[in-house]
2 protein chains.
Amino acid sequence: MVDLNSNIDTIPLREEDLRQGIELLFYAYRDFTSEPDTILNKYDLGRAHHRVIYFVGRNPGITVTELLEILRITKQSLSRVLSHLLETNFINQRADLADRRRKQLTLSDKGKVLEHELTSTQMDRFARAYREAGAEAVEGFRRVLIGIVEPEDRANVRPAAIRAQNRR
Amino acid sequence: MVDLNSNIDTIPLREEDLRQGIELLFYAYRDFTSEPDTILNKYDLGRAHHRVIYFVGRNPGITVTELLEILRITKQSLSRVLSHLLETNFINQRADLADRRRKQLTLSDKGKVLEHELTSTQMDRFARAYREAGAEAVEGFRRVLIGIVEPEDRANVRPAAIRAQNRR
DNA sequence: ATAATTAAGTCAATATGGTTGACCTTAATT
DNA sequence: AATTAAGGTCAACCATATTGACTTAATTAT
């Protein structure tokens, strides 16, 4: 390699590139939540309900404490949203037989239908973006975003098969 | 190429990969806003103030209408936040000489200092992630996230030099 | 067996940031 | 002169978050 500056490790990262990253994350997040928000409106639900439905669907049997760790909100805040989803039968709970203090949350059939309706809009968006960008770009996208996530939480965004192994 | 399925365009995108994208965006956004939130707290400001400070800093002379298009919130909602930033002298406004209804917003010196304090935590996070992932990954990250953003807004996340040309 | 801890839930007060709707002023455009 | 556009304001309301205090039930540790 003749031009040492072509190595990303040696050239200083330009502020412009870093700001572009910040803005990409802002715009992507803004647009990625807008379609689900419209759907949620029909059901008189909000974005907070979506997050709960998503992560319960993704982690069947998850407990309240585990959910709180993912969402990083307070128990009281989750309570309103979760209570409503239980009352309206989008989510079911049953006691953990090994530790009856714990309540395992799962999506009801109705909940699964809604989860799919919400998530499929986001998956469609990702499918299109992945296809247009190509497999290599997708791998880069993953590597960068995993680097943005706090190290303690990186294990949560590994493929589900690997996560299942680490489940207590 | 022997195995046609190794082409991303031919293999169906697995749901697992799409969900990983969704989750990466959720966790990355969550963590990427947490440090600024802590700083904002010291100044009795919130995340909404940060967004205004960021985009005014990034687009000196931006008008209210332009800001609303970026943030996608209502005028009334912006009003409270912006009024407060004007009162506390983080932001200055002056009439556009060509169209005196328009008010051009800029950061004051005090505003620039705060903008830097807030944004530098996010730039540090991106710098580390970019460096760890490498230049190729960064390019992939960009390509995918631009694909997630609505087409109309993709021009906003092009390098500033290019955006400046397109400015009326 | 008792004490301490953990998981879940509840009540209350408060803050932030978003909405809709009605209305006004000023300035530019037709 | 009439219309439109940019900006601003008042009011009511709603969703989602917070802190803090407290309870109940079940498990774990002493």
# chains A, B, ... in the order shown; residues from 1 in each chain; ligands from 1
$ residues_around --residues "range 10-18 of chain D" --least-positions-apart "6" --cutoff "9 Å" --atoms "only C-alpha atoms (C1' of nucleotides)" --output "list of chain:residue names"
A:Gly46, A:Ala48, A:Ile73, A:Thr74, A:Ser77, C:DT14, C:DA15, C:DT16, C:DG18, C:DT19, C:DT20, C:DA22, C:DC23
$ write_last_selection --atoms "C-alpha atoms (C1' of nucleotides)" --output "CSV table (one decimal), in the first residue's frame"
chain,number,residue,atom,x,y,z
A,46,GLY,CA,-49.0,3.8,20.8
A,48,ALA,CA,-44.8,2.0,23.6
A,73,ILE,CA,-37.9,2.3,31.2
A,74,THR,CA,-39.4,2.2,34.7
A,77,SER,CA,-44.2,3.1,32.9
C,14,DT,C1',-45.1,15.4,38.1
C,15,DA,C1',-42.6,16.4,33.6
C,16,DT,C1',-41.9,16.3,28.7
C,18,DG,C1',-46.4,15.4,21.3
C,19,DT,C1',-51.4,16.3,19.2
C,20,DT,C1',-55.8,19.1,17.3
C,22,DA,C1',-58.9,28.1,16.4
C,23,DC,C1',-57.1,32.3,15.6
$ interface_residues --of "chain A" --to "chain B" --cutoff "8 Å" --atoms "only C-alpha atoms" --output "PDB file with C-alpha atoms, in the first residue's frame"
ATOM      1  CA  ASN A   7      -6.157   3.282   5.679  1.00  0.00           C
ATOM      2  CA  ILE A   8      -9.138   4.234   7.826  1.00  0.00           C
ATOM      3  CA  ASP A   9      -7.139   3.575  10.973  1.00  0.00           C
ATOM      4  CA  LEU A  13     -12.325  10.462  10.915  1.00  0.00           C
ATOM      5  CA  GLU A  15     -16.441  15.361  11.546  1.00  0.00           C
ATOM      6  CA  GLU A  16     -18.555  15.417   8.419  1.00  0.00           C
ATOM      7  CA  ASP A  17     -18.653  11.630   8.256  1.00  0.00           C
ATOM      8  CA  LEU A  18     -19.509  11.327  11.922  1.00  0.00           C
ATOM      9  CA  ARG A  19     -22.342  13.810  11.604  1.00  0.00           C
ATOM     10  CA  GLN A  20     -23.629  11.928   8.621  1.00  0.00           C
ATOM     11  CA  GLY A  21     -23.855   8.860  10.846  1.00  0.00           C
ATOM     12  CA  ILE A  22     -25.778  10.785  13.473  1.00  0.00           C
ATOM     13  CA  GLU A  23     -28.208  12.076  10.901  1.00  0.00           C
ATOM     14  CA  LEU A  24     -28.661   8.727   9.218  1.00  0.00           C
ATOM     15  CA  LEU A  25     -29.639   7.236  12.543  1.00  0.00           C
ATOM     16  CA  PHE A  26     -32.060  10.059  13.222  1.00  0.00           C
ATOM     17  CA  TYR A  27     -33.788   9.941   9.854  1.00  0.00           C
ATOM     18  CA  ALA A  28     -33.814   6.157   9.637  1.00  0.00           C
ATOM     19  CA  TYR A  29     -35.363   5.821  13.083  1.00  0.00           C
ATOM     20  CA  ASP A  31     -39.057   6.872   9.129  1.00  0.00           C
ATOM     21  CA  PHE A  32     -38.843   3.332  10.415  1.00  0.00           C
ATOM     22  CA  GLN A 122     -40.544  -2.692   9.095  1.00  0.00           C
ATOM     23  CA  MET A 123     -39.271  -5.954   7.647  1.00  0.00           C
ATOM     24  CA  ARG A 125     -38.411  -1.676   4.607  1.00  0.00           C
ATOM     25  CA  PHE A 126     -35.328  -3.597   5.669  1.00  0.00           C
ATOM     26  CA  ALA A 127     -35.745  -6.183   2.933  1.00  0.00           C
ATOM     27  CA  ARG A 128     -35.777  -3.496   0.290  1.00  0.00           C
ATOM     28  CA  ALA A 129     -32.824  -1.650   1.804  1.00  0.00           C
ATOM     29  CA  TYR A 130     -30.821  -4.873   2.194  1.00  0.00           C
ATOM     30  CA  ARG A 131     -31.524  -5.942  -1.345  1.00  0.00           C
ATOM     31  CA  GLU A 132     -30.613  -2.586  -2.804  1.00  0.00           C
ATOM     32  CA  ALA A 133     -27.439  -2.296  -0.766  1.00  0.00           C
ATOM     33  CA  GLY A 134     -26.207  -5.858  -1.250  1.00  0.00           C
ATOM     34  CA  ALA A 135     -24.906  -8.547   1.065  1.00  0.00           C
ATOM     35  CA  GLU A 136     -21.571  -6.922   1.780  1.00  0.00           C
ATOM     36  CA  ALA A 137     -23.189  -3.654   2.733  1.00  0.00           C
ATOM     37  CA  VAL A 138     -25.539  -5.499   5.071  1.00  0.00           C
ATOM     38  CA  GLU A 139     -22.578  -7.011   6.855  1.00  0.00           C
ATOM     39  CA  GLY A 140     -21.041  -3.558   7.232  1.00  0.00           C
ATOM     40  CA  PHE A 141     -24.316  -2.142   8.503  1.00  0.00           C
ATOM     41  CA  ARG A 142     -24.356  -4.818  11.188  1.00  0.00           C
ATOM     42  CA  ARG A 143     -20.775  -4.281  12.212  1.00  0.00           C
ATOM     43  CA  VAL A 144     -21.169  -0.531  12.594  1.00  0.00           C
ATOM     44  CA  LEU A 145     -24.470  -0.604  14.436  1.00  0.00           C
ATOM     45  CA  ILE A 146     -23.282  -3.295  16.819  1.00  0.00           C
ATOM     46  CA  GLY A 147     -20.425  -0.946  17.603  1.00  0.00           C
ATOM     47  CA  ILE A 148     -22.915   1.801  18.448  1.00  0.00           C
ATOM     48  CA  VAL A 149     -24.793  -0.410  20.893  1.00  0.00           C
ATOM     49  CA  GLU A 150     -23.428  -0.551  24.435  1.00  0.00           C
ATOM     50  CA  ASP A 153     -26.298  -5.335  25.089  1.00  0.00           C
ATOM     51  CA  VAL A 157     -28.602  -8.511  18.820  1.00  0.00           C
ATOM     52  CA  ARG A 158     -26.909 -11.733  17.888  1.00  0.00           C
ATOM     53  CA  PRO A 159     -28.945 -14.222  15.864  1.00  0.00           C
ATOM     54  CA  ALA A 160     -31.740 -15.853  17.861  1.00  0.00           C
TER      55      ALA A 160
END
$ closest_atom_pairs --of "chain D" --to "chain B" --cutoff "9 Å" --atoms "only C-alpha atoms (C1' of nucleotides)" --output "CSV"
residue,atom,partner,partner_atom,distance
D:DA5,C1',B:Arg101,CA,8.7
D:DA6,C1',B:Arg101,CA,5.5
D:DG7,C1',B:Arg101,CA,7.0
D:DG8,C1',B:Ser79,CA,8.1
D:DT9,C1',B:Gln76,CA,8.6
$ residues_around --residues "DC22 in chain D" --least-positions-apart "3" --cutoff "12 Å" --atoms "only C-alpha atoms (C1' of nucleotides)" --output "ChimeraX atom specification"
/C:9-12
$ write_last_selection --atoms "C-alpha atoms (C1' of nucleotides)" --output "PDB file, in the first residue's frame"
ATOM      1  C1'  DG C   9     -47.675  -4.515  41.219  1.00  0.00           C
ATOM      2  C1'  DT C  10     -49.913  -0.120  42.923  1.00  0.00           C
ATOM      3  C1'  DC C  11     -50.930   4.823  44.177  1.00  0.00           C
ATOM      4  C1'  DA C  12     -49.791   9.474  43.544  1.00  0.00           C
TER       5       DA C  12
END
$ select_by_dssp --residues "chain A" --states "strand (DSSP E)" --output "number ranges by chain"
A: 91-95, 103-107
$ select_by_dssp --residues "chain B" --states "alpha helix (DSSP H)" --output "number ranges by chain"
B: 15-32, 34-42, 47-58, 64-71, 75-87, 109-133, 135-148, 160-166
$ write_last_selection --atoms "C-alpha atoms" --output "JSON list (two decimals), in the first residue's frame"
[["chain", "number", "residue", "atom", "x", "y", "z"],
["B", 15, "GLU", "CA", -36.90, -13.09, 8.68],
["B", 16, "GLU", "CA", -34.19, -13.54, 11.25],
["B", 17, "ASP", "CA", -31.89, -11.13, 9.44],
["B", 18, "LEU", "CA", -34.62, -8.57, 9.01],
["B", 19, "ARG", "CA", -35.52, -8.73, 12.70],
["B", 20, "GLN", "CA", -31.88, -8.30, 13.57],
["B", 21, "GLY", "CA", -31.93, -5.07, 11.58],
["B", 22, "ILE", "CA", -34.99, -3.87, 13.46],
["B", 23, "GLU", "CA", -33.39, -4.63, 16.78],
["B", 24, "LEU", "CA", -30.06, -3.09, 15.87],
["B", 25, "LEU", "CA", -31.83, 0.13, 15.03],
["B", 26, "PHE", "CA", -33.77, 0.04, 18.29],
["B", 27, "TYR", "CA", -30.77, -0.62, 20.53],
["B", 28, "ALA", "CA", -28.46, 1.72, 18.65],
["B", 29, "TYR", "CA", -30.93, 4.58, 18.85],
["B", 30, "ARG", "CA", -31.62, 3.90, 22.51],
["B", 31, "ASP", "CA", -27.94, 3.97, 23.44],
["B", 32, "PHE", "CA", -27.00, 6.78, 21.13],
["B", 34, "SER", "CA", -28.65, 8.20, 26.41],
["B", 35, "GLU", "CA", -25.46, 10.20, 26.95],
["B", 36, "PRO", "CA", -26.85, 13.44, 25.51],
["B", 37, "ASP", "CA", -29.96, 12.96, 27.66],
["B", 38, "THR", "CA", -27.80, 12.96, 30.77],
["B", 39, "ILE", "CA", -26.06, 16.17, 29.74],
["B", 40, "LEU", "CA", -29.32, 17.87, 28.80],
["B", 41, "ASN", "CA", -30.61, 17.16, 32.26],
["B", 42, "LYS", "CA", -27.95, 19.45, 33.78],
["B", 47, "ARG", "CA", -34.21, 15.55, 23.88],
["B", 48, "ALA", "CA", -36.46, 17.80, 21.82],
["B", 49, "HIS", "CA", -34.14, 20.73, 22.55],
["B", 50, "HIS", "CA", -31.19, 18.66, 21.45],
["B", 51, "ARG", "CA", -32.75, 17.95, 18.09],
["B", 52, "VAL", "CA", -33.41, 21.63, 17.50],
["B", 53, "ILE", "CA", -29.91, 22.62, 18.59],
["B", 54, "TYR", "CA", -28.40, 19.94, 16.43],
["B", 55, "PHE", "CA", -30.19, 20.83, 13.23],
["B", 56, "VAL", "CA", -29.86, 24.59, 13.69],
["B", 57, "GLY", "CA", -26.14, 24.07, 14.26],
["B", 58, "ARG", "CA", -25.91, 21.91, 11.22],
["B", 64, "VAL", "CA", -38.89, 27.35, 11.17],
["B", 65, "THR", "CA", -40.68, 25.68, 8.28],
["B", 66, "GLU", "CA", -37.53, 23.90, 7.18],
["B", 67, "LEU", "CA", -36.92, 22.73, 10.72],
["B", 68, "LEU", "CA", -40.45, 21.38, 10.94],
["B", 69, "GLU", "CA", -39.90, 19.36, 7.79],
["B", 70, "ILE", "CA", -36.85, 17.72, 9.29],
["B", 71, "LEU", "CA", -38.32, 17.03, 12.70],
["B", 75, "LYS", "CA", -45.43, 24.02, 14.78],
["B", 76, "GLN", "CA", -46.99, 24.23, 18.23],
["B", 77, "SER", "CA", -44.74, 21.51, 19.50],
["B", 78, "LEU", "CA", -41.63, 23.11, 18.10],
["B", 79, "SER", "CA", -42.76, 26.46, 19.40],
["B", 80, "ARG", "CA", -42.43, 25.64, 23.07],
["B", 81, "VAL", "CA", -38.98, 24.18, 22.64],
["B", 82, "LEU", "CA", -37.69, 26.84, 20.27],
["B", 83, "SER", "CA", -39.11, 29.73, 22.32],
["B", 84, "HIS", "CA", -37.27, 28.42, 25.33],
["B", 85, "LEU", "CA", -34.01, 28.16, 23.42],
["B", 86, "LEU", "CA", -34.44, 31.74, 22.18],
["B", 87, "GLU", "CA", -35.23, 33.03, 25.68],
["B", 109, "ASP", "CA", -21.79, 31.10, 20.98],
["B", 110, "LYS", "CA", -23.37, 29.59, 24.08],
["B", 111, "GLY", "CA", -25.47, 27.38, 21.82],
["B", 112, "LYS", "CA", -22.42, 26.26, 19.89],
["B", 113, "VAL", "CA", -20.70, 25.23, 23.08],
["B", 114, "LEU", "CA", -23.67, 23.17, 24.17],
["B", 115, "GLU", "CA", -24.10, 21.71, 20.69],
["B", 116, "HIS", "CA", -20.52, 20.58, 20.79],
["B", 117, "GLU", "CA", -20.83, 19.11, 24.26],
["B", 118, "LEU", "CA", -23.86, 17.10, 23.19],
["B", 119, "THR", "CA", -22.77, 16.08, 19.74],
["B", 120, "SER", "CA", -19.24, 15.16, 20.67],
["B", 121, "THR", "CA", -20.49, 12.26, 22.79],
["B", 122, "GLN", "CA", -22.34, 10.95, 19.76],
["B", 123, "MET", "CA", -19.43, 11.59, 17.42],
["B", 124, "ASP", "CA", -17.11, 9.73, 19.80],
["B", 125, "ARG", "CA", -19.47, 6.79, 19.71],
["B", 126, "PHE", "CA", -19.53, 6.81, 15.93],
["B", 127, "ALA", "CA", -15.79, 7.30, 15.65],
["B", 128, "ARG", "CA", -15.15, 4.23, 17.76],
["B", 129, "ALA", "CA", -17.71, 2.15, 15.88],
["B", 130, "TYR", "CA", -16.40, 3.29, 12.49],
["B", 131, "ARG", "CA", -12.83, 2.56, 13.44],
["B", 132, "GLU", "CA", -13.63, -0.87, 14.80],
["B", 133, "ALA", "CA", -15.76, -1.81, 11.82],
["B", 135, "ALA", "CA", -13.96, 1.69, 6.06],
["B", 136, "GLU", "CA", -15.77, -0.89, 3.98],
["B", 137, "ALA", "CA", -18.26, -1.57, 6.74],
["B", 138, "VAL", "CA", -18.90, 2.15, 7.10],
["B", 139, "GLU", "CA", -19.77, 2.36, 3.43],
["B", 140, "GLY", "CA", -22.18, -0.54, 3.86],
["B", 141, "PHE", "CA", -23.72, 1.06, 6.93],
["B", 142, "ARG", "CA", -24.38, 4.18, 4.89],
["B", 143, "ARG", "CA", -25.87, 2.33, 1.97],
["B", 144, "VAL", "CA", -28.28, 0.34, 4.11],
["B", 145, "LEU", "CA", -29.43, 3.22, 6.29],
["B", 146, "ILE", "CA", -29.95, 5.49, 3.32],
["B", 147, "GLY", "CA", -32.20, 2.75, 1.99],
["B", 148, "ILE", "CA", -34.21, 2.83, 5.21],
["B", 160, "ALA", "CA", -22.88, 18.96, 3.49],
["B", 161, "ALA", "CA", -20.95, 20.21, 0.47],
["B", 162, "ILE", "CA", -23.49, 18.65, -1.83],
["B", 163, "ARG", "CA", -26.42, 19.84, 0.23],
["B", 164, "ALA", "CA", -25.14, 23.41, 0.11],
["B", 165, "GLN", "CA", -25.33, 23.37, -3.70],
["B", 166, "ASN", "CA", -28.96, 22.33, -3.59]]
$ closest_residue --among "A:Tyr43, A:Ala155, A:Asn89, A:Gln104" --to "chain C" --atoms "only C-alpha atoms (C1' of nucleotides)"
A:Gln104
$ atom_distance --atom1 "C1' of DA25 in chain D" --atom2 "CA of Thr106 in chain A"
22.0 Å
$ atom_distance --atom1 "CA of Gln93 in chain B" --atom2 "CA of Ser108 in chain B"
9.4 Å
$ atom_distance --atom1 "CA of Thr88 in chain A" --atom2 "CA of Gly61 in chain A"
18.4 Å
$ closest_residue --among "A:Ile91, A:Leu45, A:Asp96, A:Asn59" --to "chain C" --atoms "only C-alpha atoms (C1' of nucleotides)"
A:Asp96
$ decode --residues "range 68-100 of chain B" --atoms "N, CA, C and O atoms" --output "short mmCIF file (atom, residue, chain, number, x, y, z; two decimals), in the first residue's frame"
data_model
loop_
_atom_site.label_atom_id
_atom_site.label_comp_id
_atom_site.auth_asym_id
_atom_site.auth_seq_id
_atom_site.Cartn_x
_atom_site.Cartn_y
_atom_site.Cartn_z
N LEU B 68 -39.28 22.24 10.76
CA LEU B 68 -40.45 21.38 10.94
C LEU B 68 -40.44 20.19 9.98
O LEU B 68 -40.84 19.09 10.34
N GLU B 69 -39.96 20.45 8.77
CA GLU B 69 -39.90 19.36 7.79
C GLU B 69 -38.91 18.27 8.21
O GLU B 69 -39.12 17.09 7.95
N ILE B 70 -37.84 18.70 8.82
CA ILE B 70 -36.85 17.72 9.29
C ILE B 70 -37.39 16.94 10.48
O ILE B 70 -37.31 15.72 10.54
N LEU B 71 -37.93 17.67 11.44
CA LEU B 71 -38.32 17.03 12.70
C LEU B 71 -39.64 16.28 12.59
O LEU B 71 -39.89 15.36 13.37
N ARG B 72 -40.48 16.71 11.63
CA ARG B 72 -41.80 16.09 11.47
C ARG B 72 -42.62 16.17 12.76
O ARG B 72 -43.13 15.14 13.25
N ILE B 73 -42.68 17.35 13.30
CA ILE B 73 -43.56 17.60 14.44
C ILE B 73 -44.39 18.83 14.09
O ILE B 73 -44.18 19.45 13.04
N THR B 74 -45.33 19.18 14.95
CA THR B 74 -46.17 20.33 14.64
C THR B 74 -45.47 21.62 15.07
O THR B 74 -44.59 21.62 15.93
N LYS B 75 -45.95 22.69 14.48
CA LYS B 75 -45.43 24.02 14.78
C LYS B 75 -45.58 24.35 16.25
O LYS B 75 -44.67 24.93 16.88
N GLN B 76 -46.72 23.94 16.81
CA GLN B 76 -46.99 24.23 18.23
C GLN B 76 -46.01 23.50 19.13
O GLN B 76 -45.62 23.99 20.19
N SER B 77 -45.65 22.31 18.70
CA SER B 77 -44.74 21.51 19.50
C SER B 77 -43.34 22.09 19.44
O SER B 77 -42.64 22.21 20.46
N LEU B 78 -42.94 22.48 18.25
CA LEU B 78 -41.63 23.11 18.10
C LEU B 78 -41.59 24.43 18.86
O LEU B 78 -40.57 24.77 19.45
N SER B 79 -42.71 25.13 18.83
CA SER B 79 -42.76 26.46 19.40
C SER B 79 -42.28 26.51 20.86
O SER B 79 -41.47 27.35 21.22
N ARG B 80 -42.81 25.62 21.66
CA ARG B 80 -42.43 25.64 23.07
C ARG B 80 -40.92 25.48 23.24
O ARG B 80 -40.27 26.24 23.96
N VAL B 81 -40.39 24.49 22.53
CA VAL B 81 -38.98 24.18 22.64
C VAL B 81 -38.11 25.32 22.09
O VAL B 81 -37.17 25.77 22.73
N LEU B 82 -38.48 25.79 20.91
CA LEU B 82 -37.69 26.84 20.27
C LEU B 82 -37.76 28.15 21.06
O LEU B 82 -36.75 28.83 21.24
N SER B 83 -38.96 28.50 21.53
CA SER B 83 -39.11 29.73 22.32
C SER B 83 -38.18 29.71 23.52
O SER B 83 -37.54 30.71 23.85
N HIS B 84 -38.13 28.54 24.16
CA HIS B 84 -37.27 28.42 25.33
C HIS B 84 -35.80 28.60 24.97
O HIS B 84 -35.04 29.25 25.70
N LEU B 85 -35.41 28.05 23.84
CA LEU B 85 -34.01 28.16 23.42
C LEU B 85 -33.67 29.60 23.01
O LEU B 85 -32.52 30.03 23.14
N LEU B 86 -34.66 30.33 22.53
CA LEU B 86 -34.44 31.74 22.18
C LEU B 86 -34.34 32.57 23.46
O LEU B 86 -33.43 33.39 23.60
N GLU B 87 -35.24 32.30 24.41
CA GLU B 87 -35.23 33.03 25.68
C GLU B 87 -33.93 32.83 26.45
O GLU B 87 -33.43 33.74 27.11
N THR B 88 -33.44 31.61 26.40
CA THR B 88 -32.22 31.29 27.16
C THR B 88 -30.97 31.53 26.32
O THR B 88 -29.87 31.15 26.73
N ASN B 89 -31.17 32.15 25.15
CA ASN B 89 -30.04 32.57 24.33
C ASN B 89 -29.10 31.46 23.86
O ASN B 89 -27.90 31.66 23.73
N PHE B 90 -29.69 30.30 23.63
CA PHE B 90 -28.90 29.25 22.98
C PHE B 90 -28.99 29.44 21.46
O PHE B 90 -28.12 29.05 20.72
N ILE B 91 -30.10 30.05 21.05
CA ILE B 91 -30.35 30.25 19.62
C ILE B 91 -30.70 31.72 19.37
O ILE B 91 -31.38 32.34 20.19
N ASN B 92 -30.21 32.25 18.26
CA ASN B 92 -30.55 33.61 17.82
C ASN B 92 -31.40 33.53 16.56
O ASN B 92 -31.28 32.57 15.79
N GLN B 93 -32.21 34.58 16.34
CA GLN B 93 -32.95 34.63 15.09
C GLN B 93 -32.80 36.01 14.48
O GLN B 93 -32.66 37.01 15.17
N ARG B 94 -32.82 36.06 13.17
CA ARG B 94 -32.82 37.33 12.46
C ARG B 94 -33.70 37.17 11.22
O ARG B 94 -33.84 36.06 10.69
N ALA B 95 -34.31 38.26 10.80
CA ALA B 95 -35.21 38.19 9.64
C ALA B 95 -34.39 37.94 8.38
O ALA B 95 -33.30 38.48 8.21
N ASP B 96 -34.94 37.14 7.52
CA ASP B 96 -34.38 36.91 6.20
C ASP B 96 -34.61 38.20 5.40
O ASP B 96 -35.74 38.67 5.29
N LEU B 97 -33.53 38.76 4.87
CA LEU B 97 -33.68 40.05 4.18
C LEU B 97 -34.50 39.93 2.90
O LEU B 97 -35.20 40.87 2.51
N ALA B 98 -34.44 38.78 2.26
CA ALA B 98 -35.16 38.59 1.00
C ALA B 98 -36.66 38.36 1.25
O ALA B 98 -37.50 38.71 0.41
N ASP B 99 -37.00 37.78 2.37
CA ASP B 99 -38.40 37.52 2.71
C ASP B 99 -38.52 37.70 4.21
O ASP B 99 -38.24 36.79 4.98
N ARG B 100 -38.96 38.88 4.61
CA ARG B 100 -38.86 39.23 6.03
C ARG B 100 -39.83 38.49 6.94
O ARG B 100 -39.77 38.64 8.15
#
